[in-house]
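Chemist: Got input.cif for you, mmCIF, C-alpha atoms, pLDDT in the B column; chains and numbers go by the auth columns:
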```
data_start
#
loop_
_atom_site.group_PDB
_atom_site.id
_atom_site.type_symbol
_atom_site.label_atom_id
_atom_site.label_comp_id
_atom_site.label_asym_id
_atom_site.label_seq_id
_atom_site.Cartn_x
_atom_site.Cartn_y
_atom_site.Cartn_z
_atom_site.B_iso_or_equiv
_atom_site.auth_seq_id
_atom_site.auth_asym_id
ATOM 1 C CA MET A 1 3.498 -7.212 18.187 89.00 20 J
ATOM 2 C CA SER A 2 4.438 -8.207 14.661 92.00 21 J
ATOM 3 C CA LEU A 3 1.982 -8.303 11.773 93.00 22 J
ATOM 4 C CA GLU A 4 2.167 -12.092 11.738 93.00 23 J
ATOM 5 C CA GLU A 5 1.298 -12.260 15.452 94.00 24 J
ATOM 6 C CA LEU A 6 -1.549 -9.771 15.074 96.00 25 J
ATOM 7 C CA ILE A 7 -3.140 -11.848 12.295 96.00 26 J
ATOM 8 C CA ALA A 8 -2.714 -15.048 14.323 95.00 27 J
ATOM 9 C CA GLN A 9 -4.483 -13.488 17.330 97.00 28 J
ATOM 10 C CA ALA A 10 -7.201 -11.549 15.483 97.00 29 J
ATOM 11 C CA ASP A 11 -10.856 -12.414 15.946 96.00 30 J
ATOM 12 C CA GLU A 12 -13.242 -12.758 13.000 95.00 31 J
ATOM 13 C CA ARG A 13 -14.010 -9.032 12.836 95.00 32 J
ATOM 14 C CA GLY A 14 -10.305 -8.192 12.934 97.00 33 J
ATOM 15 C CA LEU A 15 -9.511 -10.705 10.195 97.00 34 J
ATOM 16 C CA ALA A 16 -12.320 -9.459 7.971 97.00 35 J
ATOM 17 C CA ALA A 17 -11.324 -5.826 8.580 97.00 36 J
ATOM 18 C CA SER A 18 -7.701 -6.641 7.805 98.00 37 J
ATOM 19 C CA GLY A 19 -8.600 -8.331 4.508 98.00 38 J
ATOM 20 C CA VAL A 20 -11.057 -5.625 3.461 98.00 39 J
ATOM 21 C CA ALA A 21 -8.559 -2.893 4.373 98.00 40 J
ATOM 22 C CA CYS A 22 -5.803 -4.522 2.290 98.00 41 J
ATOM 23 C CA LEU A 23 -8.195 -4.869 -0.627 97.00 42 J
ATOM 24 C CA ASP A 24 -9.505 -1.325 -0.131 97.00 43 J
ATOM 25 C CA ARG A 25 -6.005 0.139 -0.396 97.00 44 J
ATOM 26 C CA CYS A 26 -5.540 -1.778 -3.668 96.00 45 J
ATOM 27 C CA VAL A 27 -8.891 -0.782 -5.252 94.00 46 J
ATOM 28 C CA PRO A 28 -7.191 1.708 -7.631 92.00 47 J
ATOM 29 C CA LEU A 29 -5.602 -1.284 -9.374 93.00 48 J
ATOM 30 C CA LEU A 30 -9.061 -2.741 -9.982 92.00 49 J
ATOM 31 C CA GLY A 31 -10.479 0.421 -11.517 89.00 50 J
ATOM 32 C CA GLY A 32 -12.746 0.945 -8.520 90.00 51 J
ATOM 33 C CA ASP A 33 -13.702 4.272 -7.016 91.00 52 J
ATOM 34 C CA ASP A 34 -13.210 5.350 -3.416 92.00 53 J
ATOM 35 C CA GLU A 35 -16.636 4.000 -2.402 94.00 54 J
ATOM 36 C CA ALA A 36 -16.257 0.542 -3.989 94.00 55 J
ATOM 37 C CA LEU A 37 -15.729 -1.295 -0.703 96.00 56 J
ATOM 38 C CA ARG A 38 -17.811 0.954 1.560 95.00 57 J
ATOM 39 C CA PRO A 39 -20.685 -1.590 1.696 94.00 58 J
ATOM 40 C CA LEU A 40 -18.276 -4.337 2.812 94.00 59 J
ATOM 41 C CA TRP A 41 -16.916 -2.087 5.539 95.00 60 J
ATOM 42 C CA GLY A 42 -20.536 -1.567 6.652 93.00 61 J
ATOM 43 C CA THR A 43 -21.076 -5.282 7.205 93.00 62 J
ATOM 44 C CA LEU A 44 -18.172 -5.466 9.659 94.00 63 J
ATOM 45 C CA ALA A 45 -20.017 -3.625 12.419 88.00 64 J
ATOM 46 C CA GLU A 46 -22.302 -6.627 12.892 82.00 65 J
ATOM 47 C CA GLY A 47 -21.317 -10.103 14.027 73.00 66 J
ATOM 48 C CA PRO A 48 -20.401 -12.629 11.316 68.00 67 J
ATOM 49 C CA ASP A 49 -23.870 -14.229 11.494 67.00 68 J
ATOM 50 C CA ASP A 50 -25.794 -10.940 11.558 59.00 69 J
ATOM 51 C CA GLY A 51 -24.586 -9.139 8.456 66.00 70 J
ATOM 52 C CA ASP A 52 -25.019 -9.533 4.725 90.00 71 J
ATOM 53 C CA TRP A 53 -21.301 -10.172 4.105 93.00 72 J
ATOM 54 C CA GLY A 54 -21.802 -12.868 1.435 93.00 73 J
ATOM 55 C CA GLU A 55 -24.346 -10.916 -0.606 94.00 74 J
ATOM 56 C CA VAL A 56 -22.449 -7.633 -0.322 95.00 75 J
ATOM 57 C CA LEU A 57 -19.252 -9.434 -1.342 96.00 76 J
ATOM 58 C CA ARG A 58 -20.960 -10.833 -4.461 95.00 77 J
ATOM 59 C CA GLN A 59 -22.196 -7.355 -5.415 95.00 78 J
ATOM 60 C CA THR A 60 -18.755 -5.856 -4.804 95.00 79 J
ATOM 61 C CA ARG A 61 -17.127 -8.482 -7.021 95.00 80 J
ATOM 62 C CA GLU A 62 -19.586 -7.764 -9.831 93.00 81 J
ATOM 63 C CA LYS A 63 -18.994 -4.020 -9.574 92.00 82 J
ATOM 64 C CA LEU A 64 -15.201 -4.347 -9.546 92.00 83 J
ATOM 65 C CA ASP A 65 -15.184 -6.990 -12.294 88.00 84 J
ATOM 66 C CA ALA A 66 -17.036 -4.509 -14.493 84.00 85 J
ATOM 67 C CA ALA A 67 -14.378 -1.870 -13.753 80.00 86 J
ATOM 68 C CA ALA A 68 -11.415 -4.262 -14.163 73.00 87 J
ATOM 69 C CA GLY A 69 -10.528 -3.090 -17.677 56.00 88 J
ATOM 70 C CA GLU A 70 -8.876 0.046 -16.291 47.00 89 J
ATOM 71 C CA ALA A 71 -5.830 -1.772 -14.862 45.00 90 J
ATOM 72 C CA GLY A 72 -2.540 -1.023 -16.561 44.00 91 J
ATOM 73 C CA ASP A 73 0.147 -3.198 -18.096 46.00 92 J
ATOM 74 C CA GLY A 74 3.596 -4.233 -16.893 48.00 93 J
ATOM 75 C CA CYS A 75 4.238 -3.940 -13.183 53.00 94 J
ATOM 76 C CA ALA A 76 0.840 -2.350 -12.540 70.00 95 J
ATOM 77 C CA GLY A 77 -0.735 -5.241 -14.494 85.00 96 J
ATOM 78 C CA GLU A 78 0.956 -7.795 -12.237 89.00 97 J
ATOM 79 C CA ALA A 79 -0.091 -5.799 -9.196 92.00 98 J
ATOM 80 C CA ALA A 80 -3.678 -5.684 -10.509 92.00 99 J
ATOM 81 C CA GLU A 81 -3.645 -9.482 -10.899 94.00 100 J
ATOM 82 C CA LEU A 82 -2.632 -9.823 -7.257 95.00 101 J
ATOM 83 C CA ALA A 83 -5.464 -7.473 -6.237 95.00 102 J
ATOM 84 C CA ARG A 84 -7.981 -9.434 -8.335 95.00 103 J
ATOM 85 C CA GLY A 85 -6.791 -12.593 -6.586 96.00 104 J
ATOM 86 C CA MET A 86 -7.427 -10.977 -3.204 97.00 105 J
ATOM 87 C CA LEU A 87 -11.003 -10.171 -4.223 96.00 106 J
ATOM 88 C CA ALA A 88 -11.643 -13.554 -5.848 96.00 107 J
ATOM 89 C CA THR A 89 -10.527 -15.551 -2.808 97.00 108 J
ATOM 90 C CA ALA A 90 -12.622 -13.656 -0.237 97.00 109 J
ATOM 91 C CA PRO A 91 -14.797 -16.236 1.524 96.00 110 J
ATOM 92 C CA LEU A 92 -18.556 -15.820 1.347 94.00 111 J
ATOM 93 C CA ASP A 93 -18.732 -16.916 4.988 91.00 112 J
ATOM 94 C CA ARG A 94 -17.162 -14.387 7.345 91.00 113 J
ATOM 95 C CA SER A 95 -15.913 -16.942 9.849 87.00 114 J
ATOM 96 C CA GLY A 96 -13.576 -19.876 10.291 88.00 115 J
ATOM 97 C CA THR A 97 -10.313 -20.990 8.798 94.00 116 J
ATOM 98 C CA ALA A 98 -11.064 -19.656 5.311 95.00 117 J
ATOM 99 C CA LEU A 99 -11.362 -16.132 6.699 96.00 118 J
ATOM 100 C CA ARG A 100 -8.001 -16.395 8.487 96.00 119 J
ATOM 101 C CA GLN A 101 -6.334 -17.749 5.336 97.00 120 J
ATOM 102 C CA TRP A 102 -7.861 -14.956 3.260 98.00 121 J
ATOM 103 C CA ALA A 103 -6.730 -12.237 5.673 97.00 122 J
ATOM 104 C CA ASP A 104 -3.219 -13.695 5.705 96.00 123 J
ATOM 105 C CA GLY A 105 -3.209 -13.938 1.894 97.00 124 J
ATOM 106 C CA CYS A 106 -4.469 -10.363 1.561 97.00 125 J
ATOM 107 C CA SER A 107 -1.711 -9.149 3.852 96.00 126 J
ATOM 108 C CA ASP A 108 0.912 -10.905 1.768 95.00 127 J
ATOM 109 C CA GLY A 109 -0.681 -9.806 -1.524 96.00 128 J
ATOM 110 C CA ALA A 110 -0.954 -6.152 -0.513 96.00 129 J
ATOM 111 C CA LEU A 111 2.676 -6.113 0.612 94.00 130 J
ATOM 112 C CA ARG A 112 3.736 -7.695 -2.696 92.00 131 J
ATOM 113 C CA ILE A 113 1.727 -5.097 -4.607 94.00 132 J
ATOM 114 C CA HIS A 114 3.369 -2.239 -2.752 92.00 133 J
ATOM 115 C CA LEU A 115 6.777 -3.793 -3.270 90.00 134 J
ATOM 116 C CA LEU A 116 6.145 -4.148 -7.021 90.00 135 J
ATOM 117 C CA LEU A 117 4.954 -0.572 -7.355 90.00 136 J
ATOM 118 C CA ASP A 118 7.822 0.723 -5.243 84.00 137 J
ATOM 119 C CA GLY A 119 10.321 -1.039 -7.504 77.00 138 J
ATOM 120 C CA ALA A 120 12.565 -1.595 -4.502 66.00 139 J
ATOM 121 C CA GLY A 121 13.805 -5.064 -5.417 66.00 140 J
ATOM 122 C CA ASP A 122 14.061 -8.041 -3.127 74.00 141 J
ATOM 123 C CA VAL A 123 12.598 -7.922 0.355 75.00 142 J
ATOM 124 C CA ASP A 124 12.057 -10.907 2.604 76.00 143 J
ATOM 125 C CA LEU A 125 8.283 -10.575 3.016 77.00 144 J
ATOM 126 C CA ASP A 126 8.092 -13.302 5.637 77.00 145 J
ATOM 127 C CA ALA A 127 10.771 -11.646 7.749 79.00 146 J
ATOM 128 C CA ALA A 128 9.095 -8.235 7.438 80.00 147 J
ATOM 129 C CA ARG A 129 5.755 -9.690 8.555 81.00 148 J
ATOM 130 C CA ARG A 130 7.355 -11.758 11.312 84.00 149 J
ATOM 131 C CA GLU A 131 9.568 -8.990 12.692 82.00 150 J
ATOM 132 C CA GLY A 132 7.131 -6.136 12.113 68.00 151 J
ATOM 133 C CA CYS A 133 9.948 -3.661 11.645 69.00 152 J
ATOM 134 C CA ALA A 134 9.790 -1.183 8.760 67.00 153 J
ATOM 135 C CA ASP A 135 13.299 0.213 9.276 68.00 154 J
ATOM 136 C CA GLY A 136 15.406 0.125 6.124 72.00 155 J
ATOM 137 C CA LEU A 137 12.515 -0.908 3.887 80.00 156 J
ATOM 138 C CA SER A 138 11.344 1.021 0.845 84.00 157 J
ATOM 139 C CA PRO A 139 8.894 3.835 1.720 89.00 158 J
ATOM 140 C CA LEU A 140 5.764 2.476 0.010 91.00 159 J
ATOM 141 C CA PHE A 141 6.307 -1.038 1.363 90.00 160 J
ATOM 142 C CA ALA A 142 7.120 0.188 4.892 90.00 161 J
ATOM 143 C CA ALA A 143 3.992 2.372 4.948 93.00 162 J
ATOM 144 C CA GLU A 144 1.824 -0.590 3.912 95.00 163 J
ATOM 145 C CA LEU A 145 3.359 -2.724 6.651 94.00 164 J
ATOM 146 C CA ARG A 146 2.565 -0.001 9.208 94.00 165 J
ATOM 147 C CA ARG A 147 -1.002 0.423 7.899 96.00 166 J
ATOM 148 C CA GLN A 148 -1.725 -3.292 8.117 97.00 167 J
ATOM 149 C CA THR A 149 -0.451 -3.349 11.689 96.00 168 J
ATOM 150 C CA ALA A 150 -2.477 -0.260 12.601 97.00 169 J
ATOM 151 C CA VAL A 151 -5.746 -1.712 11.248 98.00 170 J
ATOM 152 C CA LEU A 152 -5.340 -4.920 13.235 98.00 171 J
ATOM 153 C CA GLU A 153 -4.372 -3.036 16.402 98.00 172 J
ATOM 154 C CA LEU A 154 -7.324 -0.641 16.115 98.00 173 J
ATOM 155 C CA VAL A 155 -9.899 -3.394 15.698 98.00 174 J
ATOM 156 C CA ALA A 156 -8.297 -5.562 18.402 97.00 175 J
ATOM 157 C CA ALA A 157 -8.315 -2.676 20.878 97.00 176 J
ATOM 158 C CA HIS A 158 -11.713 -1.156 20.062 97.00 177 J
ATOM 159 C CA GLY A 159 -13.807 -3.818 18.297 95.00 178 J
ATOM 160 C CA ALA A 160 -16.530 -2.380 16.082 95.00 179 J
ATOM 161 C CA ALA A 161 -15.729 1.108 17.401 96.00 180 J
ATOM 162 C CA GLY A 162 -12.251 0.823 15.841 97.00 181 J
ATOM 163 C CA LEU A 163 -13.630 0.299 12.339 97.00 182 J
ATOM 164 C CA ARG A 164 -13.946 4.018 11.564 96.00 183 J
ATOM 165 C CA SER A 165 -10.294 4.626 12.428 97.00 184 J
ATOM 166 C CA ALA A 166 -9.284 1.507 10.481 98.00 185 J
ATOM 167 C CA LEU A 167 -11.187 2.845 7.471 97.00 186 J
ATOM 168 C CA GLU A 168 -9.361 6.174 7.775 97.00 187 J
ATOM 169 C CA VAL A 169 -5.997 4.354 7.779 97.00 188 J
ATOM 170 C CA SER A 170 -7.082 2.425 4.705 97.00 189 J
ATOM 171 C CA THR A 171 -8.363 5.530 2.924 97.00 190 J
ATOM 172 C CA GLU A 172 -5.003 7.240 3.373 97.00 191 J
ATOM 173 C CA GLY A 173 -3.246 4.197 1.911 96.00 192 J
ATOM 174 C CA ARG A 174 -5.652 4.053 -1.037 96.00 193 J
ATOM 175 C CA ARG A 175 -4.931 7.696 -1.876 96.00 194 J
ATOM 176 C CA VAL A 176 -1.204 7.033 -1.794 95.00 195 J
ATOM 177 C CA LEU A 177 -1.523 3.968 -4.021 95.00 196 J
ATOM 178 C CA ARG A 178 -3.841 5.812 -6.435 93.00 197 J
ATOM 179 C CA ALA A 179 -1.195 8.540 -6.793 93.00 198 J
ATOM 180 C CA VAL A 180 1.542 5.947 -7.393 91.00 199 J
ATOM 181 C CA VAL A 181 -0.541 4.143 -10.034 88.00 200 J
ATOM 182 C CA SER A 182 -1.413 7.445 -11.717 86.00 201 J
ATOM 183 C CA ARG A 183 2.212 8.537 -11.776 87.00 202 J
ATOM 184 C CA ARG A 184 3.302 5.192 -13.268 81.00 203 J
ATOM 185 C CA SER A 185 0.584 5.429 -15.931 79.00 204 J
ATOM 186 C CA ARG A 186 1.705 8.908 -16.972 81.00 205 J
ATOM 187 C CA ARG A 187 5.336 7.808 -17.021 80.00 206 J
ATOM 188 C CA ASP A 188 4.574 4.715 -19.131 73.00 207 J
ATOM 189 C CA ALA A 189 2.299 6.588 -21.555 63.00 208 J
#
```
Could you write out this structure as structure tokens?
Modeler:
Amino acid sequence: MSLEELIAQADERGLAASGVACLDRCVPLLGGDDEALRPLWGTLAEGPDDGDWGEVLRQTREKLDAAAGEAGDGCAGEAAELARGMLATAPLDRSGTALRQWADGCSDGALRIHLLLDGAGDVDLDAARREGCADGLSPLFAAELRRQTAVLELVAAHGAAGLRSALEVSTEGRRVLRAVVSRRSRRDA
């Protein structure tokens, strides 16, 4: 199934996990540490009405806003703006149309970020999401496309039990992005 189809069919937990995972992989652009989104991940194990999603989201925003000064300039600056937009548009209610729109926007934003940092030029993002094929795409972008698909598949197949594996996929992507951002910072210094 393509990324677009997976998002369209995802339940509320899958949508929230997808959005949080995209944001989690982009945390290095926000100056956040590896544990910045751990509390949000923790709320996903419960149903949308059972958890503290809204309050934890507010706290996460405050923490990352305080760390926002660490984002770089140029391409990394534009990528950081996209990541800040992903965080700012997260709905306080973990259900409904707003959640689906946020997850879809996070998917698009994270792919754009990886494309910017990869410096690979023009890619038809809609076609990549619709077709779900990473063949011939730049390495960083293709890996992000695969990670997004994997997170949605894991949560769809295993529900709350798939969250740990989804977090592991996201953690790997965050480490890769942190290395890319670090390398760009050293190069631009």
Chemist: Which is closest to J:Arg131 among J:Arg113, J:Arg148, J:Arg202, J:Arg80, if we use all atoms listed in the file?
Modeler: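 Closest to J:Arg131 of all the choices is J:Arg148.
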Chemist: Can you tell me how far atom CA of J:Arg203 sits from atom CA of J:Leu42, in Å to one decimal?
Modeler: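 These atoms are spaced 19.8 Å apart.
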Chemist: Do you have the atom CA of J:Arg194-atom CA of J:Pro47 distance handy?
Modeler: 8.6 Å
Chemist: In Å, with one decimal, what is the gap from atom CA of J:Val200 to atom CA of J:Asp123?
Modeler: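 A separation of 23.9 Å between them.
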Chemist: Which one is closest to J:Ala109: J:Trp121, J:Phe160, J:Trp72, J:Trp60? Count all atoms listed in the file.
Modeler: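 The closest residue to J:Ala109 is J:Trp121.
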Chemist: Would you mind listing what lies within 9 Å of stretch 27-35 of chain J as a ChimeraX atom specification, with all atoms listed in the file counted and same-chain residues fewer than 6 positions away left out?
Modeler: /J:63-67,113-115,118-119,121-123,170-175,178-179
